[in-house]
Amino acid sequence: MDLAPTPEQRAYRDEVRALLGTDEVRAETAAIRTRPGTEGGLLDVYRRLGERGLLAPNWPREYGGSGRGIAEKAILTEELIAHGVPDIAHTLSVDIVGLALLLFGTDRQKERLLPPIARGESVAGVLFSEPEAGSDLSALSTRAERDGDGWRLSGRKVYSAKTQLADFALCAARTTESEVRFHGITVFLVPLRTPGVGVEPLWNIGDERFNEVTLSGIRVTEEDVLGTVDDGWRIIGEVLGLERTGIEFQAKARRWLDAALERTGTAGLSPAEAGRLVALDAEVRAARLLAWRCVDDIHAGRSDEVRSAMAKYWAGETGREVALAASETVGLDALLAGDDEESLGHGVLEAACREAPGLPLASGTSEVMLTVIASAGLGLLA
């Protein structure tokens with residue numbers, strides 16, 4: 001496995017860095033970090049990237065991409081995070097919803113929905129989790145009932161990010177009752193700005209709010225079915241498996257650790273404190289290698305759920321440990337929020353303390369990842 005970037009990939013990273021490093025983009029990002037209660041979503045920076053074909057680099061040109069590869073997509077994620085640009089809207093819209101449409105969408109669905117996302121003019125969300133169906137999505141209770149040539153969707157979704165900004169979302173609903181819980185689930189492309197869709201905030205300690213979304217019998221058509229009816233479980237599994245590389249988690253861990261090192265260096269630290277940061281640096285580097293191995297697998301057309309689970313588990317747990325160690329090493333200065341003039345990097349470590357506990361939960365809990373590794377990888381649960 002050769003993870004050395006190609007000249008084209010280096011040029012792409014340089015182009016993205018140059019754009020994200022402009023005074024305009026830095027000012028937009030700083031404005032979000034320094035205003036309590038302001039949530040980063042559809043930033044003008046997304047449009048700037050979209051104008052240059054950089055926002056969805058691995059998409060075909062006809063849908064607004066630039067025909068590059070999965071490596072460029074990972075590079076963009078790393079650079080967005082490194083420059084402090086809120087990345088959740090990009091991850092949801094491009095990495096998850098966009099991927100689902102590219103893999104399973106009809107030509108008409110792709111032509112209608114993908115170009116606005118690639119231009120940075122539209123945001124898409126995900127409506128999977130429910131009050132009683134989080135990691136065990138097969139337990140979902142949202143129903144889709146036949147209504148002439150369409151469907152009526154009724155149910156309640158929770159922990160949905162960016163829904164208040166999104167135009168549409170992937171929604172998992174049960175279309176057929178079956179003794180096999182994984183069967184009978186269908187994925188719909190649900191318009192969110194329509195009567196019958198209620199979006200209420202679920203506030204949390206992080207900068208990115210969650211939402212509770214209520215679907216009150218909204219009607220969708222056959223044109224809004226992604227893939228085939230009752231085949232949603234396979235679609236969800238394939239899309240989330242390809243999205244689960246750990247790239248964004250290791251990039252956040254890298255940013256947080258670098259911020260701590262910039263403030264502390266190693267001077268004045270006890271041997272134990274310095275040793276802890278050095279050890280974490282090695283763990284972050286390992287997380288990046290695991291993540292890029294997954295990227296290489298996808299590039300080669302391989303799908304390895306065990307490797308993906310390993311990368312996600314290690315990156316998520318490492319990110320949590322980095323945030324804790326950074327705050328303890330830097331001290332009280334790490335807890336200054338972005339609106340404090342003396343805060344470190346517009347409150348980067350304070351925000352990390354609030355975001356890091358969720359890393360082992362997002363994109364599949366650590367417990368689920370360990371189960372995948374133990375069962376599919378080691379055969380321990382057979």
# chains A, B, ... in the order shown; residues from 1 in each chain; ligands from 1
call {"tool": "residues_around", "arguments": {"residues": "region 244-253 of chain A", "least_positions_apart": "6", "cutoff": "6 Å", "atoms": "only C-alpha atoms", "output": "JSON, numbers by chain"}}
result
{"A": [78, 287, 288, 291, 294, 308, 311, 312, 315, 316, 319]}
call {"tool": "write_last_selection", "arguments": {"atoms": "N, CA and C atoms", "output": "tab-separated table (two decimals), in the first residue's frame"}}
result
chain	number	residue	atom	x	y	z
A	78	GLU	N	-9.83	16.88	5.30
A	78	GLU	CA	-8.74	17.23	6.19
A	78	GLU	C	-8.49	18.74	6.21
A	287	ALA	N	-3.90	6.81	13.63
A	287	ALA	CA	-5.29	6.99	13.20
A	287	ALA	C	-5.34	7.46	11.76
A	288	ARG	N	-4.46	8.35	11.40
A	288	ARG	CA	-4.45	8.85	10.02
A	288	ARG	C	-4.07	7.74	9.03
A	291	ALA	N	-7.04	5.50	8.61
A	291	ALA	CA	-8.07	6.16	7.80
A	291	ALA	C	-7.68	6.16	6.32
A	294	CYS	N	-8.21	2.95	4.56
A	294	CYS	CA	-9.60	2.77	4.12
A	294	CYS	C	-9.86	3.53	2.83
A	308	SER	N	-12.67	-0.66	8.12
A	308	SER	CA	-13.41	0.57	8.37
A	308	SER	C	-13.76	0.70	9.85
A	311	ALA	N	-10.63	1.64	11.80
A	311	ALA	CA	-10.24	3.04	11.61
A	311	ALA	C	-11.17	3.97	12.39
A	312	LYS	N	-12.47	3.72	12.29
A	312	LYS	CA	-13.43	4.58	12.97
A	312	LYS	C	-13.28	4.47	14.49
A	315	ALA	N	-9.85	6.17	15.58
A	315	ALA	CA	-9.85	7.63	15.40
A	315	ALA	C	-10.80	8.29	16.39
A	316	GLY	N	-11.97	7.70	16.61
A	316	GLY	CA	-12.94	8.29	17.54
A	316	GLY	C	-12.44	8.28	18.97
A	319	GLY	N	-9.49	10.72	19.33
A	319	GLY	CA	-9.93	12.10	19.38
A	319	GLY	C	-10.44	12.48	20.75
call {"tool": "select_by_dssp", "arguments": {"residues": "region 71-310 of chain A", "states": "strand (DSSP E)", "output": "VMD selection string"}}
result
chain A and resid 124 to 127 143 to 147 150 to 161 168 to 174 185 to 191 197 to 202 210 to 221 225 to 226
call {"tool": "select_by_dssp", "arguments": {"residues": "region 120-369 of chain A", "states": "alpha helix (DSSP H)", "output": "number ranges by chain"}}
result
A: 232-243, 247-264, 271-299, 305-330, 348-355, 366-369
call {"tool": "residues_around", "arguments": {"residues": "region 365-376 of chain A", "least_positions_apart": "4", "cutoff": "9 Å", "atoms": "only C-alpha atoms", "output": "list of chain:residue names"}}
result
A:Ser135, A:Glu305, A:Val306, A:Arg307, A:Ser308, A:Ala309, A:Met310, A:Lys312, A:Tyr313, A:Trp314, A:Gly316, A:Glu317, A:Leu359, A:Pro360, A:Leu361, A:Leu380, A:Leu381, A:Ala382
call {"tool": "atom_distance", "arguments": {"atom1": "CA of Leu261 (chain A)", "atom2": "CA of Val278 (chain A)"}}
result
9.7 Å
call {"tool": "residues_around", "arguments": {"residues": "region 334-342 of chain A", "least_positions_apart": "4", "cutoff": "6 Å", "atoms": "only C-alpha atoms", "output": "list in words"}}
result
Arg33, Thr34, Arg35, Ser327, Val330, His346, Gly347, Leu349 and Glu350 of chain A
call {"tool": "closest_residue", "arguments": {"among": "A:Ala274, A:Val187, A:Ala18, A:Val126", "to": "Thr163 (chain A)", "atoms": "only C-alpha atoms"}}
result
A:Val126
call {"tool": "closest_residue", "arguments": {"among": "A:Lys157, A:Arg119, A:His83, A:Arg354", "to": "Arg48 (chain A)", "atoms": "only C-alpha atoms"}}
result
A:Arg119
call {"tool": "closest_atom_pairs", "arguments": {"of": "region 44-71 of chain A", "to": "region 11-17 of chain A", "cutoff": "10 Å", "atoms": "only C-alpha atoms", "output": "JSON lines"}}
result
{"residue": "A:Leu49", "atom": "CA", "partner": "A:Val16", "partner_atom": "CA", "distance": 7.9}
{"residue": "A:Arg52", "atom": "CA", "partner": "A:Val16", "partner_atom": "CA", "distance": 9.8}
{"residue": "A:Leu54", "atom": "CA", "partner": "A:Val16", "partner_atom": "CA", "distance": 7.4}
{"residue": "A:Leu55", "atom": "CA", "partner": "A:Val16", "partner_atom": "CA", "distance": 9.4}
{"residue": "A:Pro57", "atom": "CA", "partner": "A:Tyr12", "partner_atom": "CA", "distance": 9.4}
{"residue": "A:Arg68", "atom": "CA", "partner": "A:Tyr12", "partner_atom": "CA", "distance": 9.5}
call {"tool": "closest_atom_pairs", "arguments": {"of": "region 103-170 of chain A", "to": "region 200-221 of chain A", "cutoff": "12 Å", "atoms": "only C-alpha atoms", "output": "tab-separated table"}}
result
residue	atom	partner	partner_atom	distance
A:Gly125	CA	A:Asn211	CA	10.8
A:Val126	CA	A:Val213	CA	10.5
A:Leu127	CA	A:Val213	CA	8.0
A:Phe128	CA	A:Val213	CA	10.5
A:Ser129	CA	A:Glu212	CA	9.9
A:Glu130	CA	A:Glu212	CA	8.9
A:Pro131	CA	A:Glu212	CA	9.6
A:Ser141	CA	A:Leu215	CA	11.8
A:Thr142	CA	A:Leu215	CA	8.5
A:Arg143	CA	A:Gly217	CA	9.2
A:Ala144	CA	A:Gly217	CA	8.5
A:Glu145	CA	A:Gly217	CA	9.0
A:Arg146	CA	A:Arg219	CA	9.5
A:Asp147	CA	A:Arg219	CA	8.0
A:Gly148	CA	A:Thr221	CA	9.2
A:Asp149	CA	A:Thr221	CA	6.6
A:Gly150	CA	A:Thr221	CA	4.1
A:Trp151	CA	A:Val220	CA	5.3
A:Arg152	CA	A:Arg219	CA	4.6
A:Leu153	CA	A:Gly217	CA	4.8
A:Ser154	CA	A:Gly217	CA	4.7
A:Gly155	CA	A:Leu215	CA	5.2
A:Arg156	CA	A:Thr214	CA	4.6
A:Lys157	CA	A:Val213	CA	5.0
A:Val158	CA	A:Glu212	CA	4.4
A:Tyr159	CA	A:Phe210	CA	4.8
A:Ser160	CA	A:Asn211	CA	5.0
A:Ala161	CA	A:Phe210	CA	4.8
A:Lys162	CA	A:Phe210	CA	7.3
A:Thr163	CA	A:Asn211	CA	6.7
A:Gln164	CA	A:Asn211	CA	7.5
A:Leu165	CA	A:Asn211	CA	10.8
A:Ala166	CA	A:Asn211	CA	11.5
A:Phe168	CA	A:Val220	CA	11.9
A:Ala169	CA	A:Val213	CA	10.8
call {"tool": "closest_residue", "arguments": {"among": "A:Gly198, A:Gly50, A:Pro86, A:Pro5", "to": "Ala74 (chain A)", "atoms": "only C-alpha atoms"}}
result
A:Pro5
call {"tool": "closest_residue", "arguments": {"among": "A:Glu72, A:Glu28, A:Asp296, A:Glu262", "to": "Val85 (chain A)", "atoms": "only C-alpha atoms"}}
result
A:Glu28
call {"tool": "atom_distance", "arguments": {"atom1": "CA of Leu137 (chain A)", "atom2": "CA of Leu170 (chain A)"}}
result
13.8 Å
call {"tool": "closest_residue", "arguments": {"among": "A:Ala356, A:Ile236, A:Leu189, A:Leu277", "to": "Arg320 (chain A)", "atoms": "only C-alpha atoms"}}
result
A:Ala356
call {"tool": "residues_around", "arguments": {"residues": "Ala282 (chain A)", "least_positions_apart": "6", "cutoff": "12 Å", "atoms": "only C-alpha atoms", "output": "ChimeraX atom specification"}}
result
/A:250,253-254,257,275-276,288-289,318,322
call {"tool": "write_last_selection", "arguments": {"atoms": "N, CA and C atoms", "output": "compact mmCIF listing (two decimals), in the first residue's frame"}}
result
# COMPACT_ATOMS: atom_id res chain seq x y z
N GLN A 250 -9.81 11.69 12.74
CA GLN A 250 -8.38 11.85 12.94
C GLN A 250 -7.94 13.27 12.62
N ALA A 253 -8.67 15.29 15.68
CA ALA A 253 -7.69 14.98 16.71
C ALA A 253 -6.37 15.68 16.42
N ARG A 254 -5.98 15.70 15.14
CA ARG A 254 -4.73 16.37 14.75
C ARG A 254 -4.79 17.86 15.05
N LEU A 257 -4.68 18.47 18.89
CA LEU A 257 -3.36 18.21 19.46
C LEU A 257 -2.36 19.29 19.05
N GLY A 275 5.38 13.27 27.92
CA GLY A 275 5.29 11.92 27.39
C GLY A 275 3.89 11.58 26.92
N ARG A 276 2.89 12.11 27.62
CA ARG A 276 1.50 11.87 27.22
C ARG A 276 1.21 12.47 25.86
N ARG A 288 -4.46 8.35 11.40
CA ARG A 288 -4.45 8.85 10.02
C ARG A 288 -4.07 7.74 9.03
N LEU A 289 -3.11 6.91 9.41
CA LEU A 289 -2.72 5.80 8.53
C LEU A 289 -3.87 4.81 8.36
N THR A 318 -9.31 8.00 19.95
CA THR A 318 -8.12 8.84 20.05
C THR A 318 -8.50 10.31 20.13
N VAL A 322 -7.43 12.86 23.05
CA VAL A 322 -6.67 14.07 22.74
C VAL A 322 -7.32 15.30 23.36
